[in-house]
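Worksheet for the structure shown next.
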Amino acid sequence: MSKRDYYEVLGISKAASEAEIKKAYRKMALKYHPDKNPDDKSAEEKFKEAAEAYEVVSNPEKRSRYDQFGHAGMGGAAGGFGGGMSMDDIFSQFGDVFGGSNPFESFFGGGQRGGRRVNRGSNLRVKIKLTLEEVGMGVEKNIKVNKYVGCDSCDGSGAEGGGSFSSCPTCNGSGRVTRIANTILGSMQTASTCPSCGGEGQTITDKCKNCFGDGIVKDDETIKLEIPAGVEEGMQLSVTGKGNMGPRNGVAGDLIVLIEILEHPELKRDNNNLFYDLYLHFSDAALGATTEVPTLQGRAKIKIDEGTQSGMLLRLKGKGLPSLNGYGQGDLLVNINVWTPQKLSKEEKKILEKFKDSDNFKPNPTKNQKGFFEKMHQYFK
């Protein structure tokens, strides 16, 4: 695979000054830093690619040779640099770009690497309201969040123009101070975070006028959320790195998304199953009919058998909600309710009176119960 032009990689012109090259590389390295992009191989490759480009164009001799002959003129000087060196090798060689001996320590900390503190931003919480249809299909939502983001004026460093750092005189750049106390048990040594630099190992000589040295400012960001199908009420989803940005090129916190499910006008949810109360006309239950019921995909026709009893359950297989883990689909259960008229005219009463003595209109609980429980057993077995 052919290498990209080094100037293109850094986003600079061939006439760029030393300061412009340094600033461009610093911006690229911070953007694709492994601590900011955990488990992202693409970002890691871009991080190494930027280091390889900087290794050449920041060196006057190599830059002259590259300008004249391109990649062919580099020979072994840089071909394979990005892939052949470890992260610590890169940081050791170009630590001056970041204002410290090792940006793993001075900017990201990596937990306790070098004893320096990680500036991690706080988590943010938002609530997302979903319809039952959106739960059934899964949905992509774009939300606007007001949060702390990196300051553009100083590239998130907190220093005016992205530079002007000095090693902390209190801890000599280590981020920690050591104290020795004499006790009856002998000398005891304790280490703690440096009070002068807050564990960062460096101080800002000239603070950015836009963020006042914090490296972060408040701004709106539109975030795309991928909500999977099958989520439930009260569930929390975490979006890594979309919370508040940490001060001075720290690591961003997470965005916690709380799920709220809006009530459906006709359907009720029970885990992955849906329930619908169907009210039937007395004559439809007796004679049989075809009617429609709501589903998440639209309305579906169902057949009502002759003699259908109130309380029966009809099952529409696979018309419920999908399982969140992708295995299985719930059902839609239709609960039959035979509507009994509450007001009858004299003529209607006379007609019904004629049927009272008919054996076909006399209740048969044993037969009716058998039919109901058979259907229940068939569904739940």
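By order of appearance in the structure tokens: chains A, B, ..., then residues from 1 within every chain, and ligands from 1 in the order shown.
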
Just the residues within 8 Å of Val145 (chain A), please, counting only C-alpha atoms, with nothing from its chain fewer than 6 positions along; format it as a PDB file with C-alpha atoms, in the first residue's frame.
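Result file out_28.pdb:
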```pdb
ATOM      1  CA  ASP A 220     -23.354  22.389  21.741  1.00  0.00           C
ATOM      2  CA  GLU A 221     -22.540  19.085  20.062  1.00  0.00           C
ATOM      3  CA  THR A 222     -24.917  16.961  18.005  1.00  0.00           C
ATOM      4  CA  ILE A 223     -24.452  13.311  18.899  1.00  0.00           C
TER       5      ILE A 223
END
```

Which is closer to Glu140 (chain A) than all the others in A:Lys46, A:Lys224, A:His33, A:Arg125, using only C-alpha atoms?
A:Lys224

Give the helix (DSSP H, G or I) residues of region 233-326 of chain A, as assigned by DSSP on the backbone, as an MDAnalysis selection string.
chainID A and resid 282:287

Residues from the last selection, N, CA, C and O atoms, saved as an mmCIF file, in the first residue's frame:
```
data_model
loop_
_atom_site.group_PDB
_atom_site.id
_atom_site.type_symbol
_atom_site.label_atom_id
_atom_site.label_comp_id
_atom_site.auth_asym_id
_atom_site.auth_seq_id
_atom_site.Cartn_x
_atom_site.Cartn_y
_atom_site.Cartn_z
ATOM 1 N N PHE A 282 -71.608 -8.842 19.711
ATOM 2 C CA PHE A 282 -72.201 -10.128 20.099
ATOM 3 C C PHE A 282 -72.436 -11.036 18.883
ATOM 4 O O PHE A 282 -72.120 -12.223 18.900
ATOM 5 N N SER A 283 -72.925 -10.446 17.815
ATOM 6 C CA SER A 283 -73.226 -11.251 16.622
ATOM 7 C C SER A 283 -71.954 -11.753 15.942
ATOM 8 O O SER A 283 -71.924 -12.865 15.400
ATOM 9 N N ASP A 284 -70.858 -10.951 15.972
ATOM 10 C CA ASP A 284 -69.591 -11.383 15.383
ATOM 11 C C ASP A 284 -69.010 -12.565 16.148
ATOM 12 O O ASP A 284 -68.440 -13.487 15.559
ATOM 13 N N ALA A 285 -69.139 -12.529 17.479
ATOM 14 C CA ALA A 285 -68.642 -13.638 18.287
ATOM 15 C C ALA A 285 -69.454 -14.903 18.026
ATOM 16 O O ALA A 285 -68.916 -16.018 18.018
ATOM 17 N N ALA A 286 -70.739 -14.745 17.791
ATOM 18 C CA ALA A 286 -71.610 -15.909 17.580
ATOM 19 C C ALA A 286 -71.491 -16.463 16.165
ATOM 20 O O ALA A 286 -71.405 -17.681 15.972
ATOM 21 N N LEU A 287 -71.449 -15.570 15.167
ATOM 22 C CA LEU A 287 -71.457 -16.002 13.773
ATOM 23 C C LEU A 287 -70.064 -16.142 13.159
ATOM 24 O O LEU A 287 -69.905 -16.781 12.112
#
```

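For the pair CA of Val293 (chain A) and CA of His281 (chain A), the interatomic distance is 14.5 Å.
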
List the neighbours of Asp219 (chain A) out to 7 Å using only C-alpha atoms; skip same-chain residues closer than 6 positions along the sequence, and give me the result as a PyMOL selection string.
chain A and resi 146-149

Who sits within 8 Å of region 213-216 of chain A, only C-alpha atoms, same chain under 6 positions skipped, as a list in words
Tyr148, Val149, Gly150, Cys151, Cys154, Asp155, Gly156, Ser157, Gly158, Ala159, Ile204, Lys207, Met245, Gly246, Pro247, Arg248 and Asn249 of chain A

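Here the residues within region 210-241 of chain A that DSSP labels strand (DSSP E or B) on the basis of the backbone are A:Ile216, A:Val217, A:Lys218, A:Asp219, A:Asp220, A:Glu221, A:Thr222, A:Ile223, A:Lys224, A:Leu225, A:Glu226, A:Ile227, A:Gln236, A:Leu237, A:Ser238, A:Val239.
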
Output N, CA and C atoms for every residue in that selection, as a tab-separated table (two decimals), in the first residue's frame.
```tsv
chain	number	residue	atom	x	y	z
A	216	ILE	N	-10.91	23.74	27.97
A	216	ILE	CA	-12.28	23.32	27.62
A	216	ILE	C	-13.21	24.52	27.69
A	217	VAL	N	-14.22	24.49	26.83
A	217	VAL	CA	-15.25	25.53	26.81
A	217	VAL	C	-16.61	24.86	26.61
A	218	LYS	N	-17.66	25.55	26.98
A	218	LYS	CA	-19.02	25.04	26.80
A	218	LYS	C	-19.47	25.26	25.36
A	219	ASP	N	-20.05	24.23	24.78
A	219	ASP	CA	-20.56	24.35	23.42
A	219	ASP	C	-21.57	23.24	23.17
A	220	ASP	N	-22.38	23.41	22.13
A	220	ASP	CA	-23.35	22.39	21.74
A	220	ASP	C	-22.70	21.39	20.79
A	221	GLU	N	-23.01	20.13	20.97
A	221	GLU	CA	-22.54	19.08	20.06
A	221	GLU	C	-23.71	18.17	19.72
A	222	THR	N	-23.88	17.90	18.44
A	222	THR	CA	-24.92	16.96	18.01
A	222	THR	C	-24.33	15.55	17.99
A	223	ILE	N	-24.96	14.67	18.73
A	223	ILE	CA	-24.45	13.31	18.90
A	223	ILE	C	-25.45	12.32	18.30
A	224	LYS	N	-24.92	11.42	17.50
A	224	LYS	CA	-25.78	10.39	16.89
A	224	LYS	C	-25.84	9.17	17.82
A	225	LEU	N	-27.05	8.78	18.17
A	225	LEU	CA	-27.25	7.63	19.04
A	225	LEU	C	-27.88	6.49	18.25
A	226	GLU	N	-27.31	5.32	18.37
A	226	GLU	CA	-27.87	4.13	17.76
A	226	GLU	C	-28.59	3.34	18.85
A	227	ILE	N	-29.92	3.41	18.88
A	227	ILE	CA	-30.70	2.71	19.90
A	227	ILE	C	-31.10	1.34	19.34
A	236	GLN	N	-30.30	1.79	30.78
A	236	GLN	CA	-29.29	2.83	30.53
A	236	GLN	C	-28.27	2.33	29.51
A	237	LEU	N	-28.03	3.15	28.49
A	237	LEU	CA	-27.02	2.84	27.49
A	237	LEU	C	-25.86	3.82	27.66
A	238	SER	N	-24.65	3.33	27.49
A	238	SER	CA	-23.47	4.18	27.67
A	238	SER	C	-22.77	4.38	26.34
A	239	VAL	N	-22.50	5.65	26.00
A	239	VAL	CA	-21.76	6.00	24.79
A	239	VAL	C	-20.39	6.51	25.22
```

CA of Glu20 (chain A) to CA of Ser58 (chain A) measures 10.1 Å

At a cut-off of 9 Å, using only C-alpha atoms, what residues contact region 24-28 of chain A? Leave out same-chain residues fewer than 4 positions from it and give the result as a PyMOL selection string.
chain A and resi 9-12+19-20+32-33+46-47+50-51+53-54+97-98+155+162

Near Ser310 (chain A), counting only C-alpha atoms, which residues have an atom at most 6 Å away, once you skip same-chain residues fewer than 6 positions from it, shown as number ranges by chain?
A: 336-338

Hey, can you spit out that residue selection with all heavy atoms as an mmCIF file, in the first residue's frame?
```cif
data_model
loop_
_atom_site.group_PDB
_atom_site.id
_atom_site.type_symbol
_atom_site.label_atom_id
_atom_site.label_comp_id
_atom_site.auth_asym_id
_atom_site.auth_seq_id
_atom_site.Cartn_x
_atom_site.Cartn_y
_atom_site.Cartn_z
ATOM 1 N N ILE A 336 -59.911 -11.499 23.796
ATOM 2 C CA ILE A 336 -61.267 -11.312 23.259
ATOM 3 C C ILE A 336 -62.219 -10.855 24.356
ATOM 4 O O ILE A 336 -62.304 -11.457 25.431
ATOM 5 C CB ILE A 336 -61.797 -12.617 22.639
ATOM 6 C CG1 ILE A 336 -60.862 -13.096 21.517
ATOM 7 C CG2 ILE A 336 -63.227 -12.428 22.137
ATOM 8 C CD1 ILE A 336 -60.769 -12.150 20.350
ATOM 9 N N ASN A 337 -62.917 -9.774 24.072
ATOM 10 C CA ASN A 337 -63.967 -9.272 24.963
ATOM 11 C C ASN A 337 -65.255 -9.147 24.163
ATOM 12 O O ASN A 337 -65.331 -8.343 23.221
ATOM 13 C CB ASN A 337 -63.591 -7.901 25.532
ATOM 14 C CG ASN A 337 -62.340 -7.930 26.382
ATOM 15 O OD1 ASN A 337 -62.391 -8.224 27.559
ATOM 16 N ND2 ASN A 337 -61.194 -7.640 25.769
ATOM 17 N N VAL A 338 -66.250 -9.971 24.502
ATOM 18 C CA VAL A 338 -67.540 -9.899 23.801
ATOM 19 C C VAL A 338 -68.379 -8.816 24.466
ATOM 20 O O VAL A 338 -68.648 -8.866 25.671
ATOM 21 C CB VAL A 338 -68.279 -11.246 23.843
ATOM 22 C CG1 VAL A 338 -69.640 -11.123 23.146
ATOM 23 C CG2 VAL A 338 -67.431 -12.326 23.169
#
```

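Distance annotation: of A:Val126, A:Asn119, A:Asp40, A:Lys3, the residue with the minimal separation from Ala72 (chain A) is A:Lys3; atom set is only C-alpha atoms.
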